[in-house]
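Text of the file coords.pdb, holding PDB, C-alpha atoms:
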```pdb
ATOM      1  CA  MET A 233       0.000   0.000   0.000
ATOM      2  CA  PRO A 234       1.360   3.440  -0.862
ATOM      3  CA  ARG A 235       2.636   5.413   2.141
ATOM      4  CA  ARG A 236       0.211   8.284   1.586
ATOM      5  CA  ASN A 237      -2.709   5.799   1.767
ATOM      6  CA  LEU A 238      -1.396   4.519   5.112
ATOM      7  CA  TYR A 239      -1.240   8.074   6.388
ATOM      8  CA  GLY A 240      -4.701   8.688   5.044
ATOM      9  CA  ALA A 241      -6.111   5.609   6.792
ATOM     10  CA  ALA A 242      -4.472   6.558  10.089
ATOM     11  CA  GLY A 243      -5.847  10.079   9.809
ATOM     12  CA  ALA A 244      -9.326   8.756   9.163
ATOM     13  CA  VAL A 245      -9.150   6.509  12.219
ATOM     14  CA  ALA A 246      -7.913   9.415  14.361
ATOM     15  CA  ALA A 247     -10.661  11.671  13.076
ATOM     16  CA  PHE A 248     -13.259   8.983  13.762
ATOM     17  CA  CYS A 249     -11.989   8.544  17.350
ATOM     18  CA  ILE A 250     -11.977  12.279  17.997
ATOM     19  CA  THR A 251     -15.468  12.666  16.557
ATOM     20  CA  THR A 252     -16.747   9.759  18.644
ATOM     21  CA  LEU A 253     -15.189  11.250  21.755
ATOM     22  CA  PHE A 254     -16.892  14.607  21.164
ATOM     23  CA  ILE A 255     -20.224  12.841  20.607
ATOM     24  CA  VAL A 256     -19.847  10.899  23.855
ATOM     25  CA  LEU A 257     -18.874  14.039  25.741
ATOM     26  CA  SER A 258     -21.853  15.925  24.355
ATOM     27  CA  LEU A 259     -24.152  13.054  25.345
ATOM     28  CA  VAL A 260     -22.682  12.995  28.814
ATOM     29  CA  ARG A 261     -23.191  16.719  29.193
ATOM     30  CA  GLY A 262     -26.744  16.506  27.877
ATOM     31  CA  ALA A 263     -27.790  13.200  29.414
ATOM     32  CA  ALA A 264     -29.320  14.853  32.484
ATOM     33  CA  PRO A 265     -29.721  18.355  33.827
ATOM     34  CA  ALA A 266     -27.734  19.485  36.830
ATOM     35  CA  ALA A 267     -29.409  18.139  39.930
ATOM     36  CA  SER A 268     -29.625  19.438  43.448
ATOM     37  CA  THR A 269     -27.997  17.583  46.321
ATOM     38  CA  GLU A 270     -29.561  14.237  47.154
ATOM     39  CA  ASN A 271     -31.549  13.382  50.272
ATOM     40  CA  ILE A 272     -29.347  10.774  51.925
ATOM     41  CA  HIS A 273     -32.368   8.933  53.311
ATOM     42  CA  GLU A 274     -33.649   8.350  49.785
ATOM     43  CA  LEU A 275     -30.345   6.938  48.544
ATOM     44  CA  PHE A 276     -30.155   4.117  51.086
ATOM     45  CA  ALA A 277     -32.914   1.858  52.367
ATOM     46  CA  SER A 278     -31.607   1.804  55.936
ATOM     47  CA  GLU A 279     -28.773   2.861  58.197
ATOM     48  CA  ASP A 280     -27.215  -0.598  57.905
ATOM     49  CA  GLU A 281     -27.175  -0.318  54.117
ATOM     50  CA  TYR A 282     -25.550   3.102  54.413
ATOM     51  CA  LEU A 283     -22.876   1.870  56.830
ATOM     52  CA  ASN A 284     -22.134  -1.216  54.732
ATOM     53  CA  HIS A 285     -21.811   0.939  51.609
ATOM     54  CA  VAL A 286     -19.376   3.320  53.293
ATOM     55  CA  LYS A 287     -17.278   0.456  54.592
ATOM     56  CA  ALA A 288     -17.154  -1.509  51.345
ATOM     57  CA  GLU A 289     -17.447   1.049  48.544
ATOM     58  CA  VAL A 290     -16.084   4.440  49.599
ATOM     59  CA  ARG A 291     -12.396   5.283  49.330
ATOM     60  CA  PHE A 292     -10.718   8.699  49.197
ATOM     61  CA  ARG A 293      -7.144   9.475  48.275
ATOM     62  CA  ASP A 294      -6.367  11.864  51.150
ATOM     63  CA  LEU A 295      -9.156  10.971  53.558
ATOM     64  CA  LYS A 296     -10.068   7.850  55.495
ATOM     65  CA  LEU A 297     -13.551   6.845  56.577
ATOM     66  CA  SER A 298     -13.522   4.397  59.481
ATOM     67  CA  VAL A 299     -16.577   2.486  60.690
ATOM     68  CA  VAL A 300     -16.077   2.274  64.454
ATOM     69  CA  GLU A 301     -18.101   0.109  66.855
ATOM     70  CA  ILE A 302     -19.106   1.652  70.180
ATOM     71  CA  LYS A 303     -17.679  -0.123  73.228
ATOM     72  CA  LYS A 304     -18.812   0.077  76.842
ATOM     73  CA  GLY A 305     -17.779   3.436  78.307
ATOM     74  CA  ASP A 306     -17.567   5.150  74.901
ATOM     75  CA  ASN A 307     -19.458   8.246  73.871
ATOM     76  CA  PHE A 308     -19.413  10.257  70.664
ATOM     77  CA  TRP A 309     -17.210  12.975  72.145
ATOM     78  CA  LYS A 310     -14.593  10.405  73.115
ATOM     79  CA  ILE A 311     -14.731   8.826  69.649
ATOM     80  CA  ALA A 312     -14.315  12.249  68.044
ATOM     81  CA  ARG A 313     -11.423  13.179  70.326
ATOM     82  CA  ASP A 314      -9.659   9.845  69.736
ATOM     83  CA  HIS A 315      -9.787  10.493  65.963
ATOM     84  CA  ASN A 316      -8.828  14.199  66.139
ATOM     85  CA  VAL A 317     -12.173  15.475  64.828
ATOM     86  CA  ASN A 318     -15.203  17.072  66.499
ATOM     87  CA  ILE A 319     -18.768  16.070  67.261
ATOM     88  CA  ASP A 320     -20.080  18.055  64.265
ATOM     89  CA  THR A 321     -17.932  15.902  61.972
ATOM     90  CA  LEU A 322     -19.528  12.740  63.369
ATOM     91  CA  LEU A 323     -22.956  14.297  62.970
ATOM     92  CA  GLY A 324     -22.179  15.180  59.348
ATOM     93  CA  ALA A 325     -21.112  11.601  58.596
ATOM     94  CA  ASN A 326     -23.957   9.789  60.389
ATOM     95  CA  PRO A 327     -27.224  11.112  58.917
ATOM     96  CA  TYR A 328     -29.419   8.429  60.524
ATOM     97  CA  TRP A 329     -28.856   9.552  64.113
ATOM     98  CA  ASN A 330     -31.920  10.633  66.077
ATOM     99  CA  ASP A 331     -29.942  11.586  69.188
ATOM    100  CA  VAL A 332     -26.387  11.700  70.484
ATOM    101  CA  LEU A 333     -26.559   8.931  73.064
ATOM    102  CA  ALA A 334     -24.024   6.282  72.051
ATOM    103  CA  ARG A 335     -25.144   2.669  72.329
ATOM    104  CA  VAL A 336     -22.924  -0.394  72.792
ATOM    105  CA  ASN A 337     -22.283  -2.152  69.427
ATOM    106  CA  GLN A 338     -23.573   0.864  67.502
ATOM    107  CA  ARG A 339     -21.552   1.489  64.335
ATOM    108  CA  VAL A 340     -20.349   5.021  63.608
ATOM    109  CA  VAL A 341     -18.719   6.530  60.514
ATOM    110  CA  VAL A 342     -15.643   8.528  61.543
ATOM    111  CA  PRO A 343     -13.794  10.671  58.952
ATOM    112  CA  SER A 344     -10.067  11.265  59.482
ATOM    113  CA  ARG A 345     -10.484  15.042  59.266
ATOM    114  CA  VAL A 346     -13.015  17.711  60.192
ATOM    115  CA  GLY A 347     -15.773  18.272  57.649
ATOM    116  CA  VAL A 348     -19.076  17.002  56.257
ATOM    117  CA  LEU A 349     -19.785  13.882  54.183
ATOM    118  CA  HIS A 350     -22.358  14.029  51.382
ATOM    119  CA  PHE A 351     -23.615  11.535  48.795
ATOM    120  CA  ILE A 352     -24.621  12.307  45.215
ATOM    121  CA  TYR A 353     -25.716  10.488  42.052
ATOM    122  CA  ASP A 354     -24.630  13.063  39.495
ATOM    123  CA  LEU A 355     -21.152  14.605  39.451
ATOM    124  CA  SER A 356     -22.677  17.932  38.459
ATOM    125  CA  GLN A 357     -24.010  18.068  42.019
ATOM    126  CA  VAL A 358     -20.483  18.811  43.247
ATOM    127  CA  GLU A 359     -21.042  22.389  42.102
ATOM    128  CA  ASP A 360     -24.337  22.545  44.020
ATOM    129  CA  ILE A 361     -22.662  21.334  47.203
ATOM    130  CA  ALA A 362     -19.759  23.753  46.800
ATOM    131  CA  ARG A 363     -22.189  26.624  46.247
ATOM    132  CA  SER A 364     -24.157  25.741  49.403
ATOM    133  CA  TYR A 365     -20.950  26.134  51.438
ATOM    134  CA  ASP A 366     -19.801  29.192  49.455
ATOM    135  CA  LEU A 367     -16.747  27.297  48.185
ATOM    136  CA  SER A 368     -15.081  26.527  44.879
ATOM    137  CA  PRO A 369     -15.931  23.074  43.449
ATOM    138  CA  ASP A 370     -12.213  22.275  43.664
ATOM    139  CA  ALA A 371     -12.500  22.435  47.450
ATOM    140  CA  VAL A 372     -14.925  19.491  47.511
ATOM    141  CA  ILE A 373     -13.178  16.105  47.692
ATOM    142  CA  VAL A 374     -14.711  13.386  45.485
ATOM    143  CA  GLN A 375     -14.184   9.713  46.281
ATOM    144  CA  ASP A 376     -11.735   7.743  44.141
ATOM    145  CA  LEU A 377     -13.346   6.773  40.814
ATOM    146  CA  PRO A 378     -12.446   4.187  38.123
ATOM    147  CA  LEU A 379     -10.555   5.332  35.043
ATOM    148  CA  PHE A 380     -12.790   7.291  32.620
ATOM    149  CA  TYR A 381     -15.720   7.014  35.060
ATOM    150  CA  ARG A 382     -16.651  10.648  34.462
ATOM    151  CA  LEU A 383     -17.251   9.828  30.782
ATOM    152  CA  TYR A 384     -19.498   6.812  31.117
ATOM    153  CA  TYR A 385     -21.070   6.856  34.600
ATOM    154  CA  ARG A 386     -24.436   8.229  33.439
ATOM    155  CA  PHE A 387     -24.920   5.269  31.108
ATOM    156  CA  ARG A 388     -24.432   2.679  33.847
ATOM    157  CA  LYS A 389     -27.585   0.939  35.012
ATOM    158  CA  ASP A 390     -25.944  -0.120  38.264
ATOM    159  CA  ARG A 391     -24.908   3.369  39.381
ATOM    160  CA  ARG A 392     -24.219   3.663  43.091
ATOM    161  CA  PRO A 393     -24.235   6.823  45.233
ATOM    162  CA  LEU A 394     -20.922   8.680  45.203
ATOM    163  CA  ALA A 395     -19.341  10.141  48.329
ATOM    164  CA  VAL A 396     -17.997  13.684  48.463
ATOM    165  CA  PHE A 397     -16.430  15.434  51.449
ATOM    166  CA  VAL A 398     -16.403  19.130  52.324
ATOM    167  CA  PRO A 399     -13.356  19.846  54.530
ATOM    168  CA  ASP A 400     -13.761  22.079  57.604
ATOM    169  CA  ALA A 401     -17.522  22.461  57.020
ATOM    170  CA  ARG A 402     -20.325  22.170  59.581
ATOM    171  CA  PRO A 403     -23.337  19.909  58.956
ATOM    172  CA  SER A 404     -26.696  21.192  57.762
ATOM    173  CA  SER A 405     -30.052  20.139  59.158
ATOM    174  CA  ASP A 406     -31.073  19.246  55.577
ATOM    175  CA  THR A 407     -29.068  16.011  55.828
ATOM    176  CA  MET A 408     -30.444  14.970  59.244
ATOM    177  CA  THR A 409     -33.485  13.081  60.439
ATOM    178  CA  ASP A 410     -36.373  15.344  61.413
ATOM    179  CA  GLU A 411     -35.812  14.582  65.097
ATOM    180  CA  MET A 412     -32.116  15.382  64.945
ATOM    181  CA  ALA A 413     -32.750  18.531  62.905
ATOM    182  CA  ARG A 414     -34.970  19.882  65.701
ATOM    183  CA  LYS A 415     -32.246  19.170  68.246
ATOM    184  CA  PHE A 416     -29.585  20.684  66.009
ATOM    185  CA  ALA A 417     -31.454  23.999  66.070
ATOM    186  CA  LEU A 418     -30.606  24.241  69.778
ATOM    187  CA  ARG A 419     -27.084  22.964  69.095
ATOM    188  CA  GLU A 420     -26.597  26.145  67.108
ATOM    189  CA  MET A 421     -27.261  28.033  70.335
ATOM    190  CA  PHE A 422     -25.417  25.868  72.891
ATOM    191  CA  ARG A 423     -22.057  24.155  73.068
ATOM    192  CA  SER A 424     -20.498  21.696  75.488
ATOM    193  CA  PRO A 425     -18.782  23.511  78.394
ATOM    194  CA  LEU A 426     -15.805  21.151  78.153
ATOM    195  CA  ALA A 427     -14.660  17.903  76.550
ATOM    196  CA  GLY A 428     -14.791  14.934  78.865
ATOM    197  CA  ARG A 429     -16.498  11.679  79.771
ATOM    198  CA  PHE A 430     -20.133  11.735  80.828
ATOM    199  CA  SER A 431     -20.064  10.061  84.233
ATOM    200  CA  SER A 432     -23.695  10.633  85.256
ATOM    201  CA  PHE A 433     -26.805  11.610  83.327
ATOM    202  CA  PHE A 434     -30.043  13.498  83.977
ATOM    203  CA  GLY A 435     -32.694  11.576  85.925
ATOM    204  CA  GLY A 436     -32.887   8.972  88.669
ATOM    205  CA  ARG A 437     -29.696   7.439  90.053
ATOM    206  CA  ASN A 438     -28.095   6.105  93.207
ATOM    207  CA  HIS A 439     -26.360   9.051  94.862
ATOM    208  CA  PRO A 440     -22.593   8.365  94.969
ATOM    209  CA  ILE A 441     -22.211   9.883  98.452
ATOM    210  CA  PHE A 442     -25.511   9.283 100.283
ATOM    211  CA  ARG A 443     -26.062   5.826  98.730
ATOM    212  CA  ARG A 444     -29.760   6.301  98.114
ATOM    213  CA  HIS A 445     -31.905   6.719  95.035
ATOM    214  CA  SER A 446     -32.331  10.368  94.092
ATOM    215  CA  PHE A 447     -33.011  12.652  91.150
ATOM    216  CA  HIS A 448     -29.970  14.051  89.360
ATOM    217  CA  ASN A 449     -30.911  17.444  87.896
ATOM    218  CA  GLY A 450     -28.091  17.696  85.371
ATOM    219  CA  ILE A 451     -25.181  15.826  83.826
ATOM    220  CA  ASP A 452     -21.701  15.195  85.204
ATOM    221  CA  ILE A 453     -18.691  15.481  82.915
ATOM    222  CA  ALA A 454     -15.536  13.908  84.330
ATOM    223  CA  ALA A 455     -12.292  15.731  83.514
ATOM    224  CA  PRO A 456      -8.901  16.298  85.195
ATOM    225  CA  HIS A 457      -8.672  18.860  87.990
ATOM    226  CA  GLY A 458      -8.052  22.315  86.527
ATOM    227  CA  THR A 459      -9.567  21.608  83.087
ATOM    228  CA  PRO A 460     -10.933  24.898  81.631
ATOM    229  CA  VAL A 461     -14.726  25.295  81.671
ATOM    230  CA  GLY A 462     -16.378  27.545  79.079
ATOM    231  CA  ALA A 463     -19.791  29.176  78.972
ATOM    232  CA  SER A 464     -22.210  26.976  77.065
ATOM    233  CA  CYS A 465     -23.950  29.984  75.527
ATOM    234  CA  GLU A 466     -23.737  33.763  75.562
ATOM    235  CA  GLY A 467     -25.442  35.475  78.459
ATOM    236  CA  VAL A 468     -25.123  37.384  81.717
ATOM    237  CA  VAL A 469     -23.567  35.900  84.849
ATOM    238  CA  SER A 470     -26.301  35.703  87.492
ATOM    239  CA  SER A 471     -24.312  34.502  90.516
ATOM    240  CA  THR A 472     -21.032  32.909  91.554
ATOM    241  CA  GLY A 473     -19.584  31.414  94.735
ATOM    242  CA  TRP A 474     -20.354  28.581  97.128
ATOM    243  CA  MET A 475     -23.716  26.911  96.417
ATOM    244  CA  GLY A 476     -24.141  24.061  98.888
ATOM    245  CA  GLY A 477     -23.764  20.622  97.354
ATOM    246  CA  TYR A 478     -22.645  22.174  94.071
ATOM    247  CA  GLY A 479     -19.585  23.620  95.819
ATOM    248  CA  ILE A 480     -18.064  26.575  93.980
ATOM    249  CA  ALA A 481     -20.412  27.283  91.088
ATOM    250  CA  VAL A 482     -21.472  29.760  88.419
ATOM    251  CA  ILE A 483     -25.013  30.461  87.157
ATOM    252  CA  ILE A 484     -25.558  32.202  83.802
ATOM    253  CA  ASP A 485     -28.782  33.581  82.277
ATOM    254  CA  HIS A 486     -29.059  33.112  78.504
ATOM    255  CA  PRO A 487     -31.397  34.391  75.757
ATOM    256  CA  ARG A 488     -34.864  32.845  75.223
ATOM    257  CA  GLY A 489     -35.335  31.955  78.888
ATOM    258  CA  TYR A 490     -32.432  29.519  79.332
ATOM    259  CA  ARG A 491     -30.234  29.322  82.447
ATOM    260  CA  THR A 492     -27.201  27.120  83.188
ATOM    261  CA  LEU A 493     -25.285  26.127  86.314
ATOM    262  CA  TYR A 494     -21.658  24.963  86.433
ATOM    263  CA  GLY A 495     -20.826  23.199  89.707
ATOM    264  CA  HIS A 496     -17.888  21.695  91.675
ATOM    265  CA  LEU A 497     -15.440  24.254  90.249
ATOM    266  CA  SER A 498     -11.991  24.843  91.694
ATOM    267  CA  LYS A 499     -11.720  28.407  90.378
ATOM    268  CA  VAL A 500     -14.050  31.088  88.992
ATOM    269  CA  TYR A 501     -13.046  33.808  86.508
ATOM    270  CA  VAL A 502     -16.311  35.768  86.102
ATOM    271  CA  ARG A 503     -18.445  37.991  88.322
ATOM    272  CA  PRO A 504     -22.217  38.609  88.669
ATOM    273  CA  GLY A 505     -23.598  41.031  86.091
ATOM    274  CA  GLN A 506     -20.817  40.330  83.603
ATOM    275  CA  LYS A 507     -21.849  39.819  79.953
ATOM    276  CA  ILE A 508     -20.018  36.898  78.356
ATOM    277  CA  HIS A 509     -19.876  35.181  74.990
ATOM    278  CA  ALA A 510     -20.231  31.457  74.281
ATOM    279  CA  GLY A 511     -17.054  29.566  75.093
ATOM    280  CA  ARG A 512     -15.721  32.266  77.401
ATOM    281  CA  LEU A 513     -13.545  30.805  80.196
ATOM    282  CA  ILE A 514     -15.637  30.961  83.375
ATOM    283  CA  GLY A 515     -13.748  28.586  85.681
ATOM    284  CA  ARG A 516     -11.852  25.330  86.105
ATOM    285  CA  VAL A 517     -12.902  21.792  86.984
ATOM    286  CA  GLY A 518     -12.660  20.899  90.668
ATOM    287  CA  SER A 519     -14.215  18.619  93.279
ATOM    288  CA  THR A 520     -15.814  21.117  95.662
ATOM    289  CA  GLY A 521     -19.120  20.422  97.397
ATOM    290  CA  TRP A 522     -20.692  16.963  97.329
ATOM    291  CA  SER A 523     -18.253  15.339  94.924
ATOM    292  CA  THR A 524     -16.306  12.083  94.767
ATOM    293  CA  GLY A 525     -13.744  13.329  92.254
ATOM    294  CA  PRO A 526     -12.975  16.097  89.760
ATOM    295  CA  HIS A 527     -15.841  16.725  87.380
ATOM    296  CA  LEU A 528     -18.252  19.406  86.188
ATOM    297  CA  HIS A 529     -21.905  19.300  87.182
ATOM    298  CA  PHE A 530     -23.996  21.022  84.488
ATOM    299  CA  THR A 531     -27.665  21.924  84.988
ATOM    300  CA  LEU A 532     -29.988  23.522  82.421
ATOM    301  CA  TRP A 533     -33.330  25.299  82.912
ATOM    302  CA  HIS A 534     -35.766  26.714  80.361
ATOM    303  CA  ASN A 535     -38.261  29.270  81.675
ATOM    304  CA  GLY A 536     -37.620  27.998  85.177
ATOM    305  CA  ARG A 537     -38.156  24.317  84.370
ATOM    306  CA  LEU A 538     -35.400  21.712  84.446
ATOM    307  CA  ILE A 539     -34.639  20.070  81.118
ATOM    308  CA  ASN A 540     -32.211  17.335  80.154
ATOM    309  CA  PRO A 541     -28.940  19.008  79.036
ATOM    310  CA  MET A 542     -28.463  16.241  76.480
ATOM    311  CA  LYS A 543     -31.283  17.848  74.496
ATOM    312  CA  VAL A 544     -29.013  20.781  73.658
ATOM    313  CA  LEU A 545     -25.454  19.512  74.070
ATOM    314  CA  TRP A 546     -23.372  17.231  71.911
TER     315      TRP A 546
END
```
Take the structure in the file and give it back as structure tokens.
Amino acid sequence: MPRRNLYGAAGAVAAFCITTLFIVLSLVRGAAPAASTENIHELFASEDEYLNHVKAEVRFRDLKLSVVEIKKGDNFWKIARDHNVNIDTLLGANPYWNDVLARVNQRVVVPSRVGVLHFIYDLSQVEDIARSYDLSPDAVIVQDLPLFYRLYYRFRKDRRPLAVFVPDARPSSDTMTDEMARKFALREMFRSPLAGRFSSFFGGRNHPIFRRHSFHNGIDIAAPHGTPVGASCEGVVSSTGWMGGYGIAVIIDHPRGYRTLYGHLSKVYVRPGQKIHAGRLIGRVGSTGWSTGPHLHFTLWHNGRLINPMKVLW
């Protein structure tokens, strides 16, 4: 065959390949309109299906998703601290939670860095997610994909949800169960006064000193002596000083009728009438009053009525 015919045949093949590629690309672009972010609860039939999918199917290049099983004595704050993330990160990776009370043998998705996990069906939704966080699409991390997946994924009949991660973001109530979304609204207002282990919860218990059944009007958070204690919410300091069984304590009045008490402190750094912001250092953990060891007693009222602090803290 003459050389020019060989060149001509090769050119025709190249042209055909390029034309085919442009056709495929145009089909991919036009196969479906850009979609909004998916409702996670519509992508998976159950929490178990979600957890199994994350464990078996989701891999990132610079991010690890671990599925951790809760052991006796664990809580979500401890899990977050052990993995160098925060409670919001766990909330953003576990959309089936209805509360923040850890249960033995419960499985929890734990990202290796702070941020929020989302799932999508269409890669164009990356732009929607980035826009909702006021970020560039390049800031959103997409899970590892097979070679050329972006070209052919819309034609697959067995498409599976794709994971994307938004670093350093906080979760949105849109991805939560209705029950958790209602609780998250208060989470926007309150924060935990310190990181530690919950050693006693709100409700009936056997008193550790008097050895009789009694009502515990708050939660106890065990922490080393001297651990800083921050205000759970902005407000005005109502009173400070010795308060009977609470030992050295601080009471703060907050907006919308809320009031908090911080008991068994070793030191106090605020005074009555002082306006403070959320997280402001108000004292340090101690063991004053009726206490068997260093911890913080935290009580919460709303319009004068006691409520379980776990309804607003996580």
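Every residue within 7 Å of the file position (-20.1, 17.6, 98.8), judged by all atoms listed in the file, is given as Gly477, Gly479, Thr520, Gly521, Trp522 and Ser523 of chain A.
Proximity of A:Phe397, A:Tyr353, A:Tyr381, A:Tyr328 to Leu283 in chain A, computed with all atoms listed in the file, is greatest for A:Tyr328.
By chain and then residue number, the residues within 12 Å of Lys304 in chain A are A:Glu301, A:Asn307, A:Phe308, A:Lys310, A:Ala334, A:Arg335, A:Val336, A:Asn337, A:Gln338, counting only C-alpha atoms and disregarding those fewer than 3 positions away in sequence.
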What's the 8 Å shell around Phe292 in chain A, counting all atoms listed in the file, without same-chain residues fewer than 2 positions away, as a PyMOL selection string?
chain A and resi 290+294-296+373-376
List every residue of range 470-493 of chain A that has an atom at most 12 Å from any atom of range 458-461 of chain A, giving for each one its closest atom pair and the distance in Å to one decimal, counting only C-alpha atoms, sorted by chain and then by ascending residue number, as a tab-separated table.
```
residue	atom	partner	partner_atom	distance
A:Ala481	CA	A:Val461	CA	11.2
A:Val482	CA	A:Val461	CA	10.5
A:Leu493	CA	A:Val461	CA	11.6
```
Translate the PyMOL selection byres ((chain A and resi 327) around 9), as applied to the file shown, into an explicit residue set as a ChimeraX atom specification.
/A:272-273,279,323-326,328-330,407-409,412
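One distance worth recording is that between CA of Arg491 in chain A and CA of Val544 in chain A, which is 12.3 Å.
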Name all residues at most 6 Å from range 401-406 of chain A (count only C-alpha atoms; drop same-chain ones fewer than 3 positions away) and give them as a PyMOL selection string.
chain A and resi 324+347-348+398+413
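Checking A:Arg313, A:His445, A:Lys415, A:Leu275 one by one against Val332 in chain A, counting all atoms listed in the file, you find the shortest gap at A:Lys415.
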Listed atoms of range 414-424 of chain A boxed along x, y and z, 4 Å each side, centre and edge lengths in Å, one decimal, as AutoDock Vina command-line options:
```
--center_x -27.7 --center_y 23.6 --center_z 70.6 --size_x 22.5 --size_y 16.9 --size_z 17.8
```
If you count only C-alpha atoms, which residues fall within 12 Å of Ser464 in chain A, apart from same-chain ones fewer than 4 positions away, as a ChimeraX atom specification?
/A:418-427,468-469,482-487,490-494,508-514,530-532,541,544-546
